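Below is one structure; the comments refer to it alone.
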Amino acid sequence: MPHPFDAAAVRAWCALALEALGRAREEIDAINVYPVADGDTGTNLYLTVESAGRAVEAVFEAHATAGPDARPGLSEAVRAMAHGALIGARGNSGTILAQLLRGMAEVLTDDGDESDGSHLLGRALRRAADSAYEGVARPVEGTVLTVAAAAAGAAARTEGGAAAVARAAHAAARTALEATPCQLEALGEAGVVDAGGRGLVEVLGALVAALEGGAAPAGRPVRAPRAARPVGACPAEAAPGTAPGTGPAYEVIYLLEADDAAVARLRARLDALGESLVVVGGDGLWNVHVHVDDAGAAVEAGVDAGRPYRIRVTHFGAAAEERPRVPERVQRAVVAVVPGEGLAALCAEAGATVVPVRPGEPPASGELVEAVRRAHAREVVLLPNDPDLRHTAAAAAEQARAEGVRVALIPTRSPVQGVAALAVHEPGRRFDEDVVAMTSAAGATRYAELTVAESRSWTMAGVCQAGDVLGLIDGDVAVIGADLAATAATVLDRMLAAGGELVTLVVADDAPAGFAEGLERHVRGGHLAVDTVVYRGGRQSAPLLIGVE
């Protein structure tokens, strides 16, 4: 029985799309030949939708606190889905998908929460396709853009409820996908359809399932026999486009906080630097994707435009010409979830594959699985460094094991425990021995952090007021103070009262001047046999992390 196009349908859409992309991920990765044959489109789309789904779930959870019957409206759910996709977008196709969802959200927000089907969904899909074309500096036909435009056109011509519109959009997208090898020479030569378009077909199929209450329609085969679709058989009006050449060496992606005028200048600057430029978003937050030879210049352009963060640089190597031979796996690697650029750099220098975390945005399981894949090792030690990530890390470990990787999950509860574990990591010894040594080092490290209370509340140390400095030891509030330095000193004294040989201080960028030096003097003055090491953590949610070994 058809369902209305409401927030519950958006929630189901996210879940079904993630399932569909999970099943099709490897197939989509395998046909990724344009614009660069780097074999990651399916994975990127999966991670983008996973981030979108987490944002929608967060909205539902927030409303649930108001009562069992409280639910978000359609516009709020779609805005959350679009925002989640924007901040979690990966690769060229993931970035375009984020803009498609943002385009839908613009229409749904303007029209409120009506759910009349044809009028609302049809216009939303039209705006989605238009905004995606606007976000790409040099649109190319035969890609996900073409598939999105076909879906939007069919939706606009269809009358009826939302389910009928979604069904028509999905059918048109499948037909357009089959034609992509005739529109883009790289696809025709490889005998495949566009990978990004294939992923969009899965996402639209999930929308049909969410609105009809059934299973998502099966996708088309991803590889067509070359004899069945020779390039010469394409209609004259659909002559193949130019295949990509060798192409730039790097893919650069980052989130950017900037105003519209600065982003307009950034588009022009990046367009001159490279290709495959996609800049999507709005309202001060943007996702920037570009392929360049000078990665530093692309990042510098972002710095000049505003505040870039979550910067990812990927070296294509020979992928633009042909997929390189898969290198031999290393024997062992460590994957660590780390807040702040300072600790991330420290762990990377120690040989870990780092999953950076921005305050308030914990990684999804798919991001951890992707990090395990990047490590390219037979054996992986996973350090979540946060008690709230235990289930996420466990799910990622299970997925990696299913892919043939031996994974040991050490339940580190703080980044300082992760640093202690990484310090004793020895790739040359037996895996079990290495895991035991790292687990012992983490377990022998007591951890604490300082934070600032946001509201009046009860704690293990008494009642705190908004603005109070809280000292948490091993996860529980142990000290309530008014001054950051004084509270930190009290926390250190309490921890060292039980003994200790080494104090690790991880200080945030926004900590007061002289803060770390004052704590070092405090430790030297009261605990002569204790050494202190200080790291600059960068942008992290806690102004201070403490470890005592």
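Residues are referred to by chain and number: the chain letter is A, B, ... according to the order shown in the structure tokens, the number counts from 1 in that chain, and ligands are numbered separately from 1 in the order shown.
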Handout entry: Within 6 Å of stretch 352-354 of chain A using only C-alpha atoms, minus same-chain residues under 6 positions, as a count of residues only
Key = 3
Exercise for the section: Run DSSP on the backbone and give me the residues of stretch 306-504 of chain A it puts in strand (DSSP E), as a PyMOL selection string. Expected result: chain A and resi 307-315+330-339+353-357+377-383+406-409+446-452+457-459+462-464+469-473+476-481+502-504
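Surrounding stretch 287-302 of chain A within 6 Å are A:Pro248, A:Ala249, A:Tyr250, A:Glu251, A:Val252, A:Ile253, A:Tyr254, A:Leu255, A:Gly274, A:Glu275, A:Ser276, A:Leu277, A:Val278, A:Val279, A:Val280, A:Pro308, with only C-alpha atoms counted and residues fewer than 6 positions along the same chain left out.
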Exercise for the section: Counting only C-alpha atoms, figure out which residue out of A:Arg521, A:His3, A:Arg267, A:Arg456 gets nearest to A:Glu134. Expected result: A:Arg267
Practice task
Write out as a VMD selection string the residues lying within 12 Å of A:Thr95, counting only C-alpha atoms and excluding same-chain residues fewer than 3 positions away.
Solution key: chain A and resid 41 44 to 49 82 to 92 98 to 102 131 to 133 135 to 136 144 to 145 196 253 to 255 276 to 281 286 to 290
Practice task
Select from stretch 272-480 of chain A everything DSSP, run on the backbone, classes as helix (DSSP H, G or I), then give the selection as number ranges by chain.
Solution key: A: 272-273, 295-305, 317-320, 341-349, 365-375, 387-402, 415-423, 431-443
Exercise for the section: Could you give me, as a ChimeraX atom specification, the residues within 9 Å of stretch 418-428 of chain A, counting only C-alpha atoms and dropping anything in the same chain fewer than 6 positions from it? Expected result: /A:331-334,336-338,343,346-347,350-352,383-385,410,412,434-435,437-445,547,549
Problem - Atom-to-atom span, atom CA of A:Ser365 and atom CA of A:Ala393, Å - result: 6.4 Å
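Between atom CA of A:Arg127 and atom CA of A:Leu266 there is a distance of 23.7 Å.
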Problem - All residues 10 Å or closer to A:His170, only C-alpha atoms, same chain fewer than 6 positions away omitted, as a PyMOL selection string - result: chain A and resi 147-148+150-152+154-155+164+176+200-208+217+219
Practice task
Would you mind reading off the distance between atom CA of A:Gln183 and atom CA of A:Ile96, one decimal, in Å?
Solution key: 19.0 Å
Handout entry: Which residue of A:Gly284, A:Gly306, A:Gly340, A:Gly475 approaches A:Asp388 most closely, using only C-alpha atoms
Key =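 Going through A:Gly284, A:Gly306, A:Gly340, A:Gly475 one by one, the smallest distance to A:Asp388 is for A:Gly475.
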Handout entry: Surrounding residues of A:Leu120 excluding itself and chain neighbours under 6 positions, 12 Å, only C-alpha atoms, as a PyMOL selection string
Key = chain A and resi 4-6+74-75+104-114+126-127+155-156+158-163+165-166
Handout entry: Using only C-alpha atoms: which of A:Glu185, A:Glu50, A:Asp194, A:Asp260 has the shortest distance to A:Asp29
Key =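 When distances to A:Asp29 are compared using only C-alpha atoms, the smallest one comes from A:Asp194.
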